[in-house]
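Take a look at the structure set out below.
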Amino acid sequence: MTESRKSRLTRPETLTAVGIILVAAGFLVPTYDLRAISALLPAAMLIGLIVLSVILLLADQRKASAGEDAEPMTKAPKRVIGAFLMIVSYALACDFVGFYVSTAITIPLVAWTFGYRSPLGLLLATVIVVGTIWAIFDYGMSQDFPTGRFWGR
Amino acid sequence: MYSDLLHALPDVFAWTNFAAVVIGVIAGIVVGAMPGLSATMAISVLVPFTFGLEPLVALGLMAGIYNGAMYGGAIPAVLLRIPGTPAAVATTFDGYPMAQKGEGGFALQVAVVSSSIGGIASAFALMLLAPPLSKVTLLFGPSEVFWVAVFGLASIIFLLGGNPIKGLISACFGVFVSVIGSDPIYGNDRFTFGQLEMLDGINIVILLVGLYALPPVIDLLETPLKTDGVNSSKLGTEPIWKALPRMKYWKTWLRGSLLGIWIGILPGAGGSMAAFMSYNEARRTSKNPEKWGEGEPEGVAAAEVANNADTASALIPALTLGIPGTAVAAVMLGGLLVHGLQPGPMLFRDNPDIVFGFMWQFLFGAILLVLLGGSLATNSFARLLNLPRPLLGSVIIVLMLIGVYSIHGRMFDVYLMLGFGAIGWVMDRLKFPLPPVVLGLILGGFAEENLRLALRIGRGDPMVLFQNTTSLILVALTVAVVVGPTLKKRFIDSRKKA
């Protein structure tokens, strides 16, 4: 097998190792302000992460130089990115618009976007899920949900 | 020692506690039957909802889900050759050929009876072995507790298989997350960056939901699985009491139970390893091994008895030492912590009704499997395979948000969970093991506190950590766990070369 990527540095494990090194190094900075005993464990873990990531990076690059192709992280990157974006958007919508409105829109929207196209099924599922949540959590357990920062609540 | 076990029994029969087990078993079968969902994910999503519940209700739900899911995984394994859970892979070998021959109903009945037997054996092992082990751990001081934590982390990293570097990275990440928040002794902030929400540290539930629930949801949405054509009415199911006399697999059940219990106790090993070993062993000792793989019911029995026998036994080291045997046990430890129950010897002394009640719930959960997963239910559960996965994914997203938000009633936790979810997805795809992260979070703070306490007792001299026999034994065990797999690999390689 030959490496199919344009650059060896874009292999998933290499990128992850570099990411860990950078983040761990960034987190090391505040440890200098801590008492020695307080900084002992976190600093040890962060240094451990850096050292282990360097080993991981070298091992991955060695595989690349041996012509070993790295498996892609996903076969459907657009679907994965779409799923993540929808989940993050849902959380933001709950925060800014409110829980019930966001949930009533998100359930059918996500299911429709990812392949379930039955209008009746979507309507039923949304009504059942939102209704059950209201009955159990709101009515039964007096659980408060986000009401939306946009509305100043 | 065992009198507490009997004293705990009446509490388990309180209707709320018993109903929790029943609901848990049904929910577990449903979750297990859906490829892509697992007991670990279901319990992670459930844990935040149990905050307001009595501990035995919450633990009953968890015990039921764990038992139910391990059997539920057999349903798609038999009907579609898609294991519902990783532990059901070996069930496909003979279960699917049986379904093709029109014996799918019998295959599922063999699976449910075998699962139940495995679960019962495992629950008894937990009841018999955990109490004496907890007495031994009562003798531990700070340095021994520190080494137990180190041993626990080392064993889950190195015995889990796969790449030990990735295991170590996972563990370091988990331990690092455990130190975020106020220093337990001096009270100064560590890595909170001025966020008041982080002063108390990272709640384990946020991490669990992020790591274990978000990646499966992404999987559900990424590759919608077509399950059209699963017609459960053509399973050929007869009532379970009529099928029972046809099941004469006592030797397989006994062997599989013992293997499953042993593998469950070993940190890092899991249900899939137990199922494979039991299947291979049963096939090796079979009078007609050539029929295996073509629809031999005993193959289904061997795999299912073992993957259920590791359920409760995985909690033996988890409850007594705080070292979980499997990923689900690690998540269950998180569930215990949510209810203020710190695993370890004190758990048995301070909360005997809860810890022994939990053991009974495992036993009843396993017994209920036969009743709830029997003939009628098997047909109903098989229909679950037709549920649209995108819809399921969207509902789980909502449940995740509700669960995490309800911990403290703030969106900050939800964003944190999404961050851990993204990390969990990357780790999952790059085959970084997740259990060391959870264990790192559970044991990190625990290890740090005891290390600092031991150093104070020794007036700063680190040799205090090596000054008694128990500590030295634990150090030796840790070294053995770290070095053992490498030596074994070298030994096998040298024999191959020779």
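Ligands are numbered from 1 in the order shown, chains are lettered A, B, ... in the order of the structure tokens, and residues start at 1 in each chain.
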
Please list as JSON, numbers by chain every residue within 7 Å of segment 434-438 of chain B, counting only C-alpha atoms and excluding residues in the same chain fewer than 3 positions away. {"B": [153, 156, 157, 167, 170, 171, 173, 174, 327, 330, 441, 442]}

With the cut-off set at 6 Å and counting only C-alpha atoms, tabulate each residue of chain B with an atom at most that distance from an atom of chain A, showing the nearest atom pair and its distance in Å to one decimal, ordered by chain and increasing number, as CSV.
```
residue,atom,partner,partner_atom,distance
B:Ile169,CA,A:Leu49,CA,5.8
B:Cys172,CA,A:Met45,CA,5.2
B:Phe176,CA,A:Pro42,CA,5.6
B:Glu222,CA,A:Arg79,CA,5.5
B:Pro390,CA,A:Ala111,CA,4.6
B:Leu391,CA,A:Ala111,CA,4.7
B:Ser394,CA,A:Ile107,CA,5.2
B:Arg429,CA,A:Met73,CA,5.8
```

Contacts of segment 477-481 of chain B within 9 Å, only C-alpha atoms, excl. fewer than 2 positions in-chain, as a PDB file with N, CA and C atoms, in the first residue's frame:
```
ATOM      1  N   TRP B 147      -1.398   2.939  45.612  1.00  0.00           N
ATOM      2  CA  TRP B 147      -0.914   1.891  44.702  1.00  0.00           C
ATOM      3  C   TRP B 147      -2.051   1.105  44.068  1.00  0.00           C
ATOM      4  N   VAL B 148      -3.160   0.946  44.797  1.00  0.00           N
ATOM      5  CA  VAL B 148      -4.336   0.282  44.205  1.00  0.00           C
ATOM      6  C   VAL B 148      -4.812   1.089  42.995  1.00  0.00           C
ATOM      7  N   VAL B 150      -3.002   3.146  41.160  1.00  0.00           N
ATOM      8  CA  VAL B 150      -2.011   3.018  40.087  1.00  0.00           C
ATOM      9  C   VAL B 150      -2.149   1.657  39.408  1.00  0.00           C
ATOM     10  N   PHE B 151      -2.331   0.609  40.224  1.00  0.00           N
ATOM     11  CA  PHE B 151      -2.497  -0.740  39.671  1.00  0.00           C
ATOM     12  C   PHE B 151      -3.748  -0.805  38.784  1.00  0.00           C
ATOM     13  N   GLY B 152      -4.838  -0.198  39.261  1.00  0.00           N
ATOM     14  CA  GLY B 152      -6.088  -0.192  38.502  1.00  0.00           C
ATOM     15  C   GLY B 152      -5.908   0.455  37.144  1.00  0.00           C
ATOM     16  N   ALA B 154      -3.037   0.974  35.552  1.00  0.00           N
ATOM     17  CA  ALA B 154      -2.074   0.212  34.748  1.00  0.00           C
ATOM     18  C   ALA B 154      -2.742  -1.008  34.135  1.00  0.00           C
ATOM     19  N   SER B 155      -3.562  -1.695  34.941  1.00  0.00           N
ATOM     20  CA  SER B 155      -4.164  -2.925  34.423  1.00  0.00           C
ATOM     21  C   SER B 155      -5.141  -2.637  33.298  1.00  0.00           C
ATOM     22  N   PHE B 158      -2.951  -1.709  30.136  1.00  0.00           N
ATOM     23  CA  PHE B 158      -2.118  -2.717  29.498  1.00  0.00           C
ATOM     24  C   PHE B 158      -2.838  -4.033  29.218  1.00  0.00           C
ATOM     25  N   LEU B 159      -3.905  -4.335  29.980  1.00  0.00           N
ATOM     26  CA  LEU B 159      -4.608  -5.588  29.722  1.00  0.00           C
ATOM     27  C   LEU B 159      -5.738  -5.420  28.719  1.00  0.00           C
ATOM     28  N   LEU B 472       4.339  -3.110  48.515  1.00  0.00           N
ATOM     29  CA  LEU B 472       5.322  -3.751  47.639  1.00  0.00           C
ATOM     30  C   LEU B 472       4.663  -4.789  46.723  1.00  0.00           C
ATOM     31  N   ILE B 473       3.683  -5.515  47.286  1.00  0.00           N
ATOM     32  CA  ILE B 473       2.956  -6.494  46.447  1.00  0.00           C
ATOM     33  C   ILE B 473       2.227  -5.763  45.314  1.00  0.00           C
ATOM     34  N   LEU B 474       1.581  -4.643  45.676  1.00  0.00           N
ATOM     35  CA  LEU B 474       0.845  -3.883  44.665  1.00  0.00           C
ATOM     36  C   LEU B 474       1.787  -3.298  43.607  1.00  0.00           C
ATOM     37  N   VAL B 475       2.983  -2.856  44.040  1.00  0.00           N
ATOM     38  CA  VAL B 475       3.972  -2.349  43.084  1.00  0.00           C
ATOM     39  C   VAL B 475       4.389  -3.484  42.150  1.00  0.00           C
ATOM     40  N   VAL B 483       4.718  -5.003  32.366  1.00  0.00           N
ATOM     41  CA  VAL B 483       5.761  -5.728  31.626  1.00  0.00           C
ATOM     42  C   VAL B 483       5.231  -7.038  31.030  1.00  0.00           C
ATOM     43  N   GLY B 484       4.253  -7.647  31.718  1.00  0.00           N
ATOM     44  CA  GLY B 484       3.741  -8.965  31.333  1.00  0.00           C
ATOM     45  C   GLY B 484       3.373  -9.109  29.854  1.00  0.00           C
ATOM     46  N   PRO B 485       2.487  -8.248  29.330  1.00  0.00           N
ATOM     47  CA  PRO B 485       2.083  -8.418  27.930  1.00  0.00           C
ATOM     48  C   PRO B 485       3.252  -8.343  26.942  1.00  0.00           C
TER      49      PRO B 485
END
```

Please identify the alpha helix (DSSP H) residues within segment 9-153 of chain A (assignment by DSSP from backbone atoms) and present them as number ranges by chain. A: 12-28, 36-65, 77-96, 99-113, 119-133

Could you dump the residues just selected with C-alpha atoms as a JSON list (two decimals), in the first residue's frame?
```json
[["chain", "number", "residue", "atom", "x", "y", "z"],
["A", 12, "PRO", "CA", -5.17, 11.59, 11.45],
["A", 13, "GLU", "CA", -2.87, 10.21, 14.15],
["A", 14, "THR", "CA", -0.14, 12.72, 13.33],
["A", 15, "LEU", "CA", -2.60, 15.60, 13.48],
["A", 16, "THR", "CA", -4.03, 14.30, 16.75],
["A", 17, "ALA", "CA", -0.57, 13.90, 18.28],
["A", 18, "VAL", "CA", 0.39, 17.46, 17.24],
["A", 19, "GLY", "CA", -2.90, 18.74, 18.66],
["A", 20, "ILE", "CA", -2.32, 17.00, 22.00],
["A", 21, "ILE", "CA", 1.24, 18.35, 22.21],
["A", 22, "LEU", "CA", 0.09, 21.92, 21.58],
["A", 23, "VAL", "CA", -2.85, 21.78, 24.00],
["A", 24, "ALA", "CA", -0.83, 20.04, 26.72],
["A", 25, "ALA", "CA", 1.98, 22.57, 26.35],
["A", 26, "GLY", "CA", -0.58, 25.36, 26.64],
["A", 27, "PHE", "CA", -2.00, 23.88, 29.83],
["A", 28, "LEU", "CA", 1.52, 23.52, 31.28],
["A", 36, "ALA", "CA", 4.75, 22.57, 43.79],
["A", 37, "ILE", "CA", 2.61, 19.90, 45.45],
["A", 38, "SER", "CA", -0.55, 21.15, 43.70],
["A", 39, "ALA", "CA", 1.20, 21.16, 40.34],
["A", 40, "LEU", "CA", 2.80, 17.73, 40.77],
["A", 41, "LEU", "CA", 0.08, 15.51, 39.32],
["A", 42, "PRO", "CA", -1.24, 17.83, 36.58],
["A", 43, "ALA", "CA", 2.27, 18.68, 35.38],
["A", 44, "ALA", "CA", 3.22, 15.00, 35.40],
["A", 45, "MET", "CA", 0.15, 14.16, 33.32],
["A", 46, "LEU", "CA", 0.71, 17.01, 30.86],
["A", 47, "ILE", "CA", 4.37, 16.13, 30.39],
["A", 48, "GLY", "CA", 3.30, 12.50, 30.05],
["A", 49, "LEU", "CA", 0.82, 13.50, 27.34],
["A", 50, "ILE", "CA", 3.50, 15.43, 25.46],
["A", 51, "VAL", "CA", 6.06, 12.61, 25.62],
["A", 52, "LEU", "CA", 3.50, 9.94, 24.65],
["A", 53, "SER", "CA", 2.19, 12.06, 21.79],
["A", 54, "VAL", "CA", 5.70, 12.52, 20.44],
["A", 55, "ILE", "CA", 6.09, 8.71, 20.49],
["A", 56, "LEU", "CA", 2.70, 8.34, 18.75],
["A", 57, "LEU", "CA", 3.69, 10.92, 16.15],
["A", 58, "LEU", "CA", 7.02, 9.23, 15.42],
["A", 59, "ALA", "CA", 5.38, 5.81, 15.19],
["A", 60, "ASP", "CA", 2.78, 7.14, 12.76],
["A", 61, "GLN", "CA", 5.37, 8.87, 10.61],
["A", 62, "ARG", "CA", 7.41, 5.68, 10.56],
["A", 63, "LYS", "CA", 4.33, 3.86, 9.27],
["A", 64, "ALA", "CA", 3.90, 6.56, 6.63],
["A", 65, "SER", "CA", 7.51, 6.21, 5.47],
["A", 77, "PRO", "CA", -17.23, 13.41, 6.28],
["A", 78, "LYS", "CA", -20.12, 15.63, 5.16],
["A", 79, "ARG", "CA", -22.62, 13.61, 7.19],
["A", 80, "VAL", "CA", -20.36, 13.65, 10.25],
["A", 81, "ILE", "CA", -19.73, 17.39, 10.04],
["A", 82, "GLY", "CA", -23.46, 17.91, 9.45],
["A", 83, "ALA", "CA", -24.33, 15.81, 12.49],
["A", 84, "PHE", "CA", -21.89, 17.71, 14.72],
["A", 85, "LEU", "CA", -23.11, 21.07, 13.44],
["A", 86, "MET", "CA", -26.73, 20.12, 14.03],
["A", 87, "ILE", "CA", -26.00, 18.98, 17.59],
["A", 88, "VAL", "CA", -24.06, 22.17, 18.39],
["A", 89, "SER", "CA", -26.79, 24.28, 16.75],
["A", 90, "TYR", "CA", -29.40, 22.50, 18.84],
["A", 91, "ALA", "CA", -27.49, 23.28, 22.05],
["A", 92, "LEU", "CA", -27.10, 26.94, 21.02],
["A", 93, "ALA", "CA", -30.77, 27.13, 20.04],
["A", 94, "CYS", "CA", -31.82, 25.73, 23.41],
["A", 95, "ASP", "CA", -29.63, 28.32, 25.11],
["A", 96, "PHE", "CA", -30.80, 31.32, 23.06],
["A", 99, "PHE", "CA", -35.75, 24.24, 24.95],
["A", 100, "TYR", "CA", -39.22, 23.34, 23.70],
["A", 101, "VAL", "CA", -39.13, 25.31, 20.44],
["A", 102, "SER", "CA", -35.62, 24.04, 19.63],
["A", 103, "THR", "CA", -36.52, 20.44, 20.45],
["A", 104, "ALA", "CA", -39.74, 20.51, 18.42],
["A", 105, "ILE", "CA", -37.73, 21.70, 15.42],
["A", 106, "THR", "CA", -34.58, 19.62, 15.93],
["A", 107, "ILE", "CA", -36.16, 16.14, 16.18],
["A", 108, "PRO", "CA", -37.87, 16.22, 12.76],
["A", 109, "LEU", "CA", -35.07, 18.26, 11.17],
["A", 110, "VAL", "CA", -32.28, 15.87, 12.16],
["A", 111, "ALA", "CA", -34.30, 12.77, 11.30],
["A", 112, "TRP", "CA", -35.38, 14.24, 7.92],
["A", 113, "THR", "CA", -31.88, 15.42, 7.02],
["A", 119, "PRO", "CA", -44.04, 13.21, 7.57],
["A", 120, "LEU", "CA", -46.56, 11.33, 9.71],
["A", 121, "GLY", "CA", -43.84, 9.40, 11.53],
["A", 122, "LEU", "CA", -41.89, 12.60, 12.17],
["A", 123, "LEU", "CA", -44.97, 14.42, 13.46],
["A", 124, "LEU", "CA", -45.92, 11.53, 15.73],
["A", 125, "ALA", "CA", -42.38, 11.10, 17.05],
["A", 126, "THR", "CA", -42.02, 14.83, 17.77],
["A", 127, "VAL", "CA", -45.36, 15.06, 19.56],
["A", 128, "ILE", "CA", -44.69, 11.91, 21.60],
["A", 129, "VAL", "CA", -41.13, 12.87, 22.59],
["A", 130, "VAL", "CA", -41.83, 16.53, 23.40],
["A", 131, "GLY", "CA", -45.09, 15.60, 25.16],
["A", 132, "THR", "CA", -43.42, 12.91, 27.24],
["A", 133, "ILE", "CA", -40.59, 15.24, 28.21]]
```

Please identify the strand (DSSP E or B) residues within segment 176-266 of chain B (assignment by DSSP from backbone atoms) and present them as a PDB file with C-alpha atoms, in the first residue's frame.
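Wrote it out as part.pdb, contents follow:
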```
ATOM      1  CA  GLY B 181     -11.112  22.551  39.924  1.00  0.00           C
ATOM      2  CA  SER B 182     -10.103  23.527  43.436  1.00  0.00           C
ATOM      3  CA  ASP B 189      -7.861  26.891  41.518  1.00  0.00           C
ATOM      4  CA  ARG B 190      -6.387  24.594  38.918  1.00  0.00           C
TER       5      ARG B 190
END
```
